[in-house]
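Source file: start-v9.cif. Holds: mmCIF, C-alpha atoms and all ligand atoms.
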```cif
data_start
loop_
_atom_site.label_atom_id
_atom_site.label_comp_id
_atom_site.auth_asym_id
_atom_site.auth_seq_id
_atom_site.Cartn_x
_atom_site.Cartn_y
_atom_site.Cartn_z
CA MET A 1 -45.13 50.15 -19.41
CA ILE A 2 -45.49 46.44 -19.96
CA PHE A 3 -46.78 44.07 -17.28
CA THR A 4 -49.13 41.11 -16.98
CA LEU A 5 -52.66 41.93 -15.93
CA ASN A 6 -55.07 39.08 -15.25
CA ALA A 7 -52.98 36.69 -17.34
CA ALA A 8 -52.73 39.01 -20.37
CA THR A 9 -49.68 41.04 -21.36
CA VAL A 10 -50.63 44.72 -21.40
CA ASP A 11 -48.85 47.96 -22.23
CA VAL A 12 -50.31 50.79 -20.17
CA ASP A 13 -49.32 54.43 -20.39
CA ALA A 14 -49.49 56.15 -16.99
CA HIS A 15 -47.23 58.22 -14.76
CA PRO A 16 -44.78 55.90 -12.95
CA MET A 17 -45.69 57.41 -9.56
CA LYS A 18 -49.45 57.11 -10.05
CA ARG A 19 -50.98 54.70 -7.57
CA LEU A 20 -51.53 51.22 -8.98
CA LEU A 21 -55.09 51.47 -7.63
CA ASP A 22 -55.81 54.46 -9.87
CA VAL A 23 -54.08 52.96 -12.91
CA LEU A 24 -56.21 49.84 -12.59
CA ARG A 25 -59.44 51.79 -12.21
CA GLU A 26 -58.78 54.65 -14.62
CA GLU A 27 -56.36 53.51 -17.32
CA CYS A 28 -57.37 49.85 -17.28
CA GLY A 29 -61.09 50.29 -16.55
CA LEU A 30 -61.02 47.63 -13.82
CA THR A 31 -63.22 49.16 -11.14
CA GLY A 32 -63.57 45.96 -9.10
CA THR A 33 -60.61 47.07 -7.00
CA LYS A 34 -62.02 49.51 -4.45
CA GLU A 35 -60.64 52.46 -2.55
CA GLY A 36 -61.48 52.72 1.15
CA CYS A 37 -58.93 54.58 3.22
CA GLY A 38 -56.36 55.29 0.53
CA GLU A 39 -53.55 54.87 3.04
CA GLY A 40 -52.93 51.16 3.53
CA GLU A 41 -55.24 50.63 6.50
CA CYS A 42 -58.40 48.95 5.18
CA GLY A 43 -57.41 46.39 2.53
CA ALA A 44 -60.26 47.31 0.17
CA CYS A 45 -57.75 47.83 -2.64
CA THR A 46 -55.99 44.45 -2.26
CA VAL A 47 -54.66 42.87 -5.45
CA LEU A 48 -52.07 40.19 -6.08
CA ILE A 49 -48.64 41.10 -7.37
CA ASP A 50 -46.79 37.92 -8.27
CA ASP A 51 -49.06 35.94 -5.91
CA ALA A 52 -48.57 38.25 -2.89
CA ALA A 53 -51.53 40.25 -1.59
CA VAL A 54 -50.70 43.97 -1.55
CA CYS A 55 -52.56 47.23 -1.08
CA ALA A 56 -52.77 48.83 -4.53
CA CYS A 57 -53.18 52.27 -2.93
CA LEU A 58 -49.60 52.07 -1.64
CA VAL A 59 -47.89 50.79 -4.79
CA PRO A 60 -46.53 53.21 -7.39
CA PHE A 61 -47.27 52.02 -10.91
CA ALA A 62 -43.54 51.80 -11.69
CA GLN A 63 -43.23 48.89 -9.26
CA VAL A 64 -45.28 46.51 -11.38
CA ARG A 65 -43.01 46.67 -14.42
CA ASP A 66 -42.72 43.09 -15.71
CA ALA A 67 -44.76 41.82 -12.74
CA ARG A 68 -47.95 39.76 -12.69
CA VAL A 69 -50.94 41.70 -11.35
CA THR A 70 -54.21 39.94 -10.58
CA THR A 71 -57.41 41.80 -9.71
CA ILE A 72 -60.84 40.52 -8.74
CA GLU A 73 -61.80 40.61 -12.44
CA GLY A 74 -59.12 38.01 -13.08
CA LEU A 75 -61.13 35.45 -11.06
CA GLY A 76 -63.88 35.52 -13.65
CA GLY A 77 -66.92 35.60 -11.37
CA ASP A 78 -67.26 31.87 -10.72
CA HIS A 79 -64.25 31.25 -8.50
CA PRO A 80 -64.96 29.06 -5.43
CA LEU A 81 -64.22 32.02 -3.15
CA GLN A 82 -66.71 34.20 -5.01
CA ARG A 83 -69.36 31.50 -4.84
CA ALA A 84 -68.71 30.90 -1.14
CA PHE A 85 -69.01 34.62 -0.31
CA ALA A 86 -72.38 34.69 -2.05
CA GLU A 87 -73.59 31.48 -0.40
CA GLU A 88 -72.45 32.38 3.12
CA GLY A 89 -73.57 36.03 3.10
CA GLY A 90 -69.95 37.20 3.22
CA ALA A 91 -70.80 40.35 1.28
CA GLN A 92 -73.26 43.05 2.24
CA CYS A 93 -72.43 46.51 0.87
CA GLY A 94 -69.63 44.81 -1.06
CA ILE A 95 -66.98 47.50 -0.79
CA CYS A 96 -64.61 45.31 1.16
CA THR A 97 -65.42 42.12 -0.73
CA PRO A 98 -62.97 42.21 -3.66
CA GLY A 99 -60.13 42.98 -1.26
CA MET A 100 -61.22 40.24 1.12
CA ILE A 101 -61.28 37.71 -1.68
CA MET A 102 -57.91 38.76 -3.06
CA ALA A 103 -56.39 38.63 0.44
CA ALA A 104 -57.90 35.17 0.95
CA LEU A 105 -56.51 33.72 -2.29
CA PRO A 106 -52.95 33.12 -1.03
CA LEU A 107 -54.35 31.23 1.99
CA GLY A 108 -55.01 28.18 -0.21
CA GLU A 109 -57.75 25.60 0.18
CA LYS A 110 -59.54 24.97 3.47
CA PRO A 111 -57.38 27.18 5.72
CA SER A 112 -57.76 26.98 9.50
CA LEU A 113 -59.79 29.67 11.26
CA ARG A 114 -56.60 31.02 12.78
CA LYS A 115 -54.94 31.27 9.37
CA VAL A 116 -58.01 33.04 7.96
CA ARG A 117 -58.10 35.52 10.83
CA GLU A 118 -54.41 36.27 10.41
CA GLY A 119 -54.61 36.43 6.61
CA LEU A 120 -57.51 38.88 6.67
CA ALA A 121 -56.29 40.94 9.63
CA GLY A 122 -55.50 43.87 7.34
CA ASN A 123 -58.95 43.88 5.72
CA LEU A 124 -61.71 45.87 7.40
CA CYS A 125 -65.45 45.30 6.99
CA ARG A 126 -68.11 47.59 8.43
CA CYS A 127 -71.07 45.39 7.60
CA THR A 128 -70.74 41.69 8.25
CA GLY A 129 -69.10 41.29 11.65
CA TYR A 130 -66.55 39.04 9.91
CA GLU A 131 -68.05 35.66 10.85
CA ALA A 132 -69.74 35.14 7.48
CA ILE A 133 -66.51 36.15 5.74
CA TYR A 134 -64.48 33.65 7.73
CA ARG A 135 -67.06 30.93 7.00
CA ALA A 136 -66.90 31.70 3.28
CA VAL A 137 -63.12 31.60 3.12
CA ARG A 138 -62.94 28.34 5.07
CA LYS A 139 -65.62 26.78 2.88
CA ALA A 140 -63.82 27.71 -0.34
S1 LIG B 1 -57.70 51.83 0.10
FE1 LIG B 1 -55.83 50.77 0.13
S2 LIG B 1 -55.70 49.98 2.14
FE2 LIG B 1 -57.51 51.19 2.18
S1 LIG B 2 -69.61 44.17 3.24
FE1 LIG B 2 -69.71 46.31 3.61
S2 LIG B 2 -67.72 46.80 4.34
FE2 LIG B 2 -67.72 44.65 4.18
#
```

As structure tokens, the full file:
Amino acid sequence: MIFTLNAATVDVDAHPMKRLLDVLREECGLTGTKEGCGEGECGACTVLIDDAAVCACLVPFAQVRDARVTTIEGLGGDHPLQRAFAEEGGAQCGICTPGMIMAALPLGEKPSLRKVREGLAGNLCRCTGYEAIYRAVRKA
């Protein structure tokens, strides 16, 4: 099935009902997208589909036909959000971090604290207490 993955057109062979999360990690080798709960509650698996943040554990692969999928690997490692998370201590164990960053991307530059809290409300972190994450997103 053809879709756009991190700005490249790809043709990936996988069962249409396989979870996008698993297709990304297994067929595409992109293990930056993490699995936490596996049922849409934690946000660890957040990716962008056509600029909207979605939980990849809830999306059947068939739904991304002809769509644009962006994962944490698509940011290249030197994105302002990635730098800000490192500088502000927004990542500890790191499991939630890719999902946090992908969920923060649609918030745009210098979002208000309220907008950050709302935008990341579906992303859980067991380590940081959230304040460093909010600082990082607002800084970026
Ligand atoms: S693994 Fe997808 S929301 Fe938790
Ligand atoms: S840094 Fe460990 S869950 Fe967020």

Sorted by chain and rising residue number, which residues of chain A lie within 8 Å of ligand LIG 1 (chain B), and what are their closest atom pairs and distances in Å to one decimal, counting all atoms listed in the file, as CSV?
```
residue,atom,partner,partner_atom,distance
A:Leu21,CA,B:LIG1,FE1,7.8
A:Lys34,CA,B:LIG1,S1,6.7
A:Glu35,CA,B:LIG1,S1,4.0
A:Gly36,CA,B:LIG1,S1,4.0
A:Cys37,CA,B:LIG1,FE2,3.8
A:Gly38,CA,B:LIG1,S1,3.7
A:Glu39,CA,B:LIG1,S2,5.4
A:Gly40,CA,B:LIG1,S2,3.3
A:Glu41,CA,B:LIG1,S2,4.4
A:Cys42,CA,B:LIG1,FE2,3.8
A:Gly43,CA,B:LIG1,S2,4.0
A:Ala44,CA,B:LIG1,FE2,5.2
A:Cys45,CA,B:LIG1,FE1,4.5
A:Thr46,CA,B:LIG1,FE1,6.8
A:Cys55,CA,B:LIG1,FE1,5.0
A:Ala56,CA,B:LIG1,FE1,5.9
A:Cys57,CA,B:LIG1,FE1,4.3
A:Leu58,CA,B:LIG1,FE1,6.6
A:Asn123,CA,B:LIG1,S2,7.8
```

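Picture a line from CA of Leu120 (chain A) to CA of Gly32 (chain A); it runs 18.3 Å.
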
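Residue nearest Ala132 (chain A), chosen from A:Thr9, A:Thr31, A:Ser112, A:Thr97 and counting only C-alpha atoms: A:Thr97.
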
Coordinates-based distance that separates CA of Gly94 (chain A) from CA of Arg114 (chain A) (Å, one decimal): 23.5 Å

Could you work out an axis-aligned box for region 85-98 of chain A, taking every atom the file lists and adding 8 Å on each side, and report centre and edge lengths in Å to one decimal, as AutoDock Vina command-line options?
```
--center_x -68.3 --center_y 39.5 --center_z -0.2 --size_x 26.6 --size_y 32.0 --size_z 22.9
```

Option closest in space to Arg68 (chain A), from A:Ala104, A:Leu81, A:Met17, A:Ile2 [counting only C-alpha atoms]: A:Ile2

Nearest to Pro111 (chain A), chosen from A:Arg65, A:Lys139, A:His15, A:Arg25, with only C-alpha atoms counted in the distances: A:Lys139

Surrounding residues of Leu113 (chain A) excluding itself and chain neighbours under 4 positions, 12 Å, all atoms listed in the file, as a ChimeraX atom specification: /A:104,107,109,117-121,130-139

Shell of 7 Å around ligand LIG 2 (chain B) (only C-alpha atoms and all ligand atoms), written as a ChimeraX atom specification: /A:90-97,124-128

Nearby residues (only C-alpha atoms) at most 7 Å from region 62-64 of chain A, same-chain spacing under 2 positions excluded, as a PyMOL selection string: chain A and resi 3+16-17+59-60+66-67

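If you measure from each of A:Gly129, A:Gly74, A:Pro106, A:Gly29 to Val54 (chain A) using only C-alpha atoms, the closest one turns out to be A:Pro106.
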
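Proximity of A:Ala140, A:Val23, A:Leu105, A:Met1 to Ala53 (chain A), computed with all atoms listed in the file, is greatest for A:Leu105.
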
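From CA of Val69 (chain A) back to CA of Asp11 (chain A), the distance works out to 12.7 Å.
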
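Of the listed residues A:Thr70, A:Gln82, A:Glu27, A:Lys115, the one whose atoms come nearest to Asp51 (chain A) is A:Thr70, with distances taken using all atoms listed in the file.
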
Around the point (-58.4, 39.3, -16.0), in the coordinates given by the file, pick out the residues reaching within 7 Å, counting all atoms listed in the file, and return them as an mmCIF file with C-alpha atoms, keeping the file's coordinate frame.
```cif
data_model
loop_
_atom_site.group_PDB
_atom_site.id
_atom_site.type_symbol
_atom_site.label_atom_id
_atom_site.label_comp_id
_atom_site.auth_asym_id
_atom_site.auth_seq_id
_atom_site.Cartn_x
_atom_site.Cartn_y
_atom_site.Cartn_z
ATOM 1 C CA LEU A 5 -52.660 41.930 -15.930
ATOM 2 C CA ASN A 6 -55.070 39.080 -15.250
ATOM 3 C CA ALA A 7 -52.980 36.690 -17.340
ATOM 4 C CA THR A 70 -54.210 39.940 -10.580
ATOM 5 C CA THR A 71 -57.410 41.800 -9.710
ATOM 6 C CA GLU A 73 -61.800 40.610 -12.440
ATOM 7 C CA GLY A 74 -59.120 38.010 -13.080
ATOM 8 C CA LEU A 75 -61.130 35.450 -11.060
#
```
